[in-house]
Amino acid sequence: MNWINVVLGLWMFISGFISGIVHNRTGALINDLAVGVLVAVFGILTAVRRWPQWINVAIGIWLIVAALAIPSASTAAWNNLVFGILILIFGSWASLMPA
């Protein structure tokens with residue numbers, strides 16, 4: 001299991017409710033809630049299979065693109081950018097580790 005991505009997924013889920021990171025758009029909040037759950041679930045699924053981490057790689061790329069699509073440099077956008085990069089890195093690392 002890739003515990004790092006499980007923790008990052010949990011952070012993405014709860015970050016939408018933390019003062020200072022709260023999104024001013026409902027779509028961005030729903031995106032982070034869904035992404036957080038998916039990253040955590042796919043991190044847990046790596047205990048059985050290796051392929052779920054490739055989905056986390058794609059989700060990390062999605063978070064980076066979504067952060068850059070937000071027109072303002074808000075705390076939520078920075079949160080998505082930083083955690084998108086981390087999810088991408090740790091998802092790639094877990095995918096390439098020998099079984």
# chains A, B, ... in the order shown; residues from 1 in each chain; ligands from 1
>>> residues_around(residues="Ile18 (chain A)", least_positions_apart="6", cutoff="12 Å", atoms="only C-alpha atoms", output="VMD selection string")
chain A and resid 11 to 12 29 75 to 76 79
>>> write_last_selection(atoms="C-alpha atoms", output="PDB file, in the first residue's frame")
ATOM      1  CA  TRP A  11      -5.479  15.889   2.935  1.00  0.00           C
ATOM      2  CA  MET A  12      -7.085  16.784  -0.408  1.00  0.00           C
ATOM      3  CA  LEU A  29     -14.534  22.007  -3.763  1.00  0.00           C
ATOM      4  CA  THR A  75      -4.496  29.360  -1.505  1.00  0.00           C
ATOM      5  CA  ALA A  76      -6.717  26.614  -2.919  1.00  0.00           C
ATOM      6  CA  ASN A  79      -2.743  23.684  -2.463  1.00  0.00           C
TER       7      ASN A  79
END
>>> closest_atom_pairs(of="region 14-60 of chain A", to="region 89-94 of chain A", cutoff="12 Å", atoms="only C-alpha atoms", output="CSV")
residue,atom,partner,partner_atom,distance
A:Val39,CA,A:Gly91,CA,9.2
A:Ala40,CA,A:Gly91,CA,11.2
A:Phe42,CA,A:Gly91,CA,9.6
A:Gly43,CA,A:Gly91,CA,8.3
A:Ile44,CA,A:Ala94,CA,11.8
A:Leu45,CA,A:Ala94,CA,11.9
A:Thr46,CA,A:Ala94,CA,8.5
A:Ala47,CA,A:Ala94,CA,10.8
A:Arg49,CA,A:Ala94,CA,11.0
A:Arg50,CA,A:Ala94,CA,7.9
A:Trp51,CA,A:Ala94,CA,9.7
A:Pro52,CA,A:Gly91,CA,8.8
A:Gln53,CA,A:Gly91,CA,5.0
A:Trp54,CA,A:Gly91,CA,6.5
A:Ile55,CA,A:Gly91,CA,8.1
A:Asn56,CA,A:Gly91,CA,5.5
A:Val57,CA,A:Gly91,CA,5.1
A:Ala58,CA,A:Gly91,CA,8.9
A:Ile59,CA,A:Gly91,CA,9.3
A:Gly60,CA,A:Gly91,CA,8.1
>>> write_last_selection(atoms="all heavy atoms", output="compact mmCIF listing (two decimals), in the first residue's frame")
# COMPACT_ATOMS: atom_id res chain seq x y z
N VAL A 39 -7.72 9.31 -4.73
CA VAL A 39 -6.29 9.10 -4.45
C VAL A 39 -6.11 8.18 -3.26
O VAL A 39 -5.28 7.26 -3.29
CB VAL A 39 -5.58 10.46 -4.24
CG1 VAL A 39 -4.17 10.26 -3.69
CG2 VAL A 39 -5.53 11.23 -5.54
N ALA A 40 -6.89 8.38 -2.20
CA ALA A 40 -6.78 7.52 -1.02
C ALA A 40 -7.18 6.08 -1.35
O ALA A 40 -6.49 5.13 -0.97
CB ALA A 40 -7.63 8.07 0.11
N PHE A 42 -7.22 4.54 -4.32
CA PHE A 42 -6.24 3.90 -5.21
C PHE A 42 -4.92 3.65 -4.49
O PHE A 42 -4.20 2.70 -4.81
CB PHE A 42 -6.04 4.70 -6.49
CG PHE A 42 -7.23 4.63 -7.41
CD1 PHE A 42 -7.83 5.77 -7.88
CD2 PHE A 42 -7.75 3.41 -7.80
CE1 PHE A 42 -8.92 5.71 -8.72
CE2 PHE A 42 -8.84 3.33 -8.63
CZ PHE A 42 -9.44 4.48 -9.09
N GLY A 43 -4.58 4.48 -3.51
CA GLY A 43 -3.41 4.21 -2.68
C GLY A 43 -3.57 2.94 -1.88
O GLY A 43 -2.64 2.15 -1.72
N ILE A 44 -4.77 2.71 -1.35
CA ILE A 44 -5.06 1.49 -0.60
C ILE A 44 -5.06 0.27 -1.52
O ILE A 44 -4.55 -0.80 -1.16
CB ILE A 44 -6.40 1.62 0.15
CG1 ILE A 44 -6.27 2.66 1.26
CG2 ILE A 44 -6.85 0.28 0.72
CD1 ILE A 44 -7.59 3.07 1.89
N LEU A 45 -5.60 0.42 -2.72
CA LEU A 45 -5.68 -0.71 -3.66
C LEU A 45 -4.31 -1.20 -4.12
O LEU A 45 -4.21 -2.32 -4.63
CB LEU A 45 -6.52 -0.33 -4.87
CG LEU A 45 -8.02 -0.25 -4.64
CD1 LEU A 45 -8.72 0.21 -5.91
CD2 LEU A 45 -8.57 -1.59 -4.18
N THR A 46 -3.27 -0.41 -3.94
CA THR A 46 -1.94 -0.87 -4.36
C THR A 46 -1.43 -2.01 -3.49
O THR A 46 -0.43 -2.63 -3.82
CB THR A 46 -0.91 0.27 -4.35
OG1 THR A 46 -0.86 0.84 -3.06
CG2 THR A 46 -1.23 1.29 -5.39
N ALA A 47 -2.11 -2.27 -2.38
CA ALA A 47 -1.74 -3.44 -1.56
C ALA A 47 -2.00 -4.72 -2.33
O ALA A 47 -1.38 -5.75 -2.09
CB ALA A 47 -2.52 -3.44 -0.25
N ARG A 49 -2.79 -4.62 -6.11
CA ARG A 49 -2.38 -4.44 -7.51
C ARG A 49 -1.46 -3.23 -7.63
O ARG A 49 -1.46 -2.34 -6.80
CB ARG A 49 -3.60 -4.20 -8.40
CG ARG A 49 -4.62 -5.29 -8.37
CD ARG A 49 -4.29 -6.31 -9.46
NE ARG A 49 -5.35 -7.28 -9.60
CZ ARG A 49 -5.31 -8.49 -9.11
NH1 ARG A 49 -4.27 -8.90 -8.44
NH2 ARG A 49 -6.30 -9.32 -9.32
N ARG A 50 -0.72 -3.19 -8.73
CA ARG A 50 0.19 -2.06 -8.98
C ARG A 50 -0.48 -0.99 -9.85
O ARG A 50 -0.15 0.18 -9.75
CB ARG A 50 1.45 -2.58 -9.66
CG ARG A 50 2.42 -1.55 -10.02
CD ARG A 50 3.60 -1.33 -9.15
NE ARG A 50 4.02 -2.45 -8.34
CZ ARG A 50 4.52 -2.29 -7.14
NH1 ARG A 50 4.63 -1.10 -6.64
NH2 ARG A 50 4.89 -3.31 -6.44
N TRP A 51 -1.42 -1.37 -10.71
CA TRP A 51 -1.99 -0.43 -11.68
C TRP A 51 -2.73 0.76 -11.08
O TRP A 51 -2.78 1.82 -11.72
CB TRP A 51 -2.89 -1.14 -12.69
CG TRP A 51 -4.11 -1.78 -12.10
CD1 TRP A 51 -4.24 -3.08 -11.72
CD2 TRP A 51 -5.36 -1.16 -11.80
NE1 TRP A 51 -5.48 -3.31 -11.20
CE2 TRP A 51 -6.20 -2.15 -11.25
CE3 TRP A 51 -5.86 0.13 -11.95
CZ2 TRP A 51 -7.50 -1.88 -10.84
CZ3 TRP A 51 -7.16 0.39 -11.54
CH2 TRP A 51 -7.96 -0.61 -11.00
N PRO A 52 -3.32 0.69 -9.87
CA PRO A 52 -4.02 1.88 -9.37
C PRO A 52 -3.12 3.10 -9.21
O PRO A 52 -3.60 4.23 -9.28
CB PRO A 52 -4.58 1.43 -8.02
CG PRO A 52 -4.74 -0.04 -8.15
CD PRO A 52 -3.57 -0.47 -8.99
N GLN A 53 -1.83 2.90 -9.01
CA GLN A 53 -0.96 4.05 -8.85
C GLN A 53 -0.84 4.84 -10.15
O GLN A 53 -0.59 6.04 -10.13
CB GLN A 53 0.42 3.65 -8.34
CG GLN A 53 0.44 3.34 -6.87
CD GLN A 53 -0.15 4.46 -6.02
OE1 GLN A 53 0.00 5.64 -6.30
NE2 GLN A 53 -0.83 4.08 -4.95
N TRP A 54 -1.00 4.17 -11.30
CA TRP A 54 -0.98 4.91 -12.56
C TRP A 54 -2.18 5.84 -12.64
O TRP A 54 -2.10 6.91 -13.26
CB TRP A 54 -0.91 3.96 -13.75
CG TRP A 54 0.42 3.29 -13.85
CD1 TRP A 54 0.70 1.98 -13.65
CD2 TRP A 54 1.67 3.92 -14.15
NE1 TRP A 54 2.05 1.75 -13.80
CE2 TRP A 54 2.66 2.92 -14.11
CE3 TRP A 54 2.05 5.23 -14.43
CZ2 TRP A 54 4.00 3.20 -14.36
CZ3 TRP A 54 3.39 5.49 -14.68
CH2 TRP A 54 4.34 4.49 -14.64
N ILE A 55 -3.28 5.46 -12.03
CA ILE A 55 -4.44 6.36 -11.98
C ILE A 55 -4.11 7.56 -11.09
O ILE A 55 -4.47 8.69 -11.41
CB ILE A 55 -5.70 5.60 -11.49
CG1 ILE A 55 -6.07 4.52 -12.51
CG2 ILE A 55 -6.86 6.57 -11.27
CD1 ILE A 55 -7.19 3.63 -12.10
N ASN A 56 -3.39 7.31 -9.99
CA ASN A 56 -2.97 8.44 -9.15
C ASN A 56 -2.03 9.38 -9.89
O ASN A 56 -2.05 10.58 -9.67
CB ASN A 56 -2.33 7.94 -7.86
CG ASN A 56 -3.37 7.63 -6.80
OD1 ASN A 56 -4.53 8.01 -6.92
ND2 ASN A 56 -2.96 6.94 -5.76
N VAL A 57 -1.19 8.83 -10.78
CA VAL A 57 -0.33 9.68 -11.61
C VAL A 57 -1.20 10.61 -12.47
O VAL A 57 -0.97 11.82 -12.54
CB VAL A 57 0.60 8.83 -12.49
CG1 VAL A 57 1.31 9.67 -13.53
CG2 VAL A 57 1.62 8.09 -11.62
N ALA A 58 -2.22 10.03 -13.09
CA ALA A 58 -3.14 10.82 -13.92
C ALA A 58 -3.89 11.86 -13.09
O ALA A 58 -4.08 13.00 -13.52
CB ALA A 58 -4.12 9.90 -14.65
N ILE A 59 -4.29 11.48 -11.88
CA ILE A 59 -4.99 12.41 -11.00
C ILE A 59 -4.05 13.55 -10.59
O ILE A 59 -4.46 14.71 -10.51
CB ILE A 59 -5.57 11.68 -9.78
CG1 ILE A 59 -6.72 10.77 -10.21
CG2 ILE A 59 -6.06 12.68 -8.74
CD1 ILE A 59 -7.24 9.86 -9.11
N GLY A 60 -2.79 13.24 -10.33
CA GLY A 60 -1.81 14.28 -10.01
C GLY A 60 -1.67 15.28 -11.15
O GLY A 60 -1.64 16.49 -10.92
>>> atom_distance(atom1="CA of Leu81 (chain A)", atom2="CA of Gly9 (chain A)")
13.6 Å
>>> select_by_dssp(residues="region 5-71 of chain A", states="alpha helix (DSSP H)", output="PyMOL selection string")
chain A and resi 5-15+26-45+52-69
>>> closest_residue(among="A:Asn2, A:Ser15, A:Ser74, A:Ser95", to="Val35 (chain A)", atoms="only C-alpha atoms")
A:Ser15
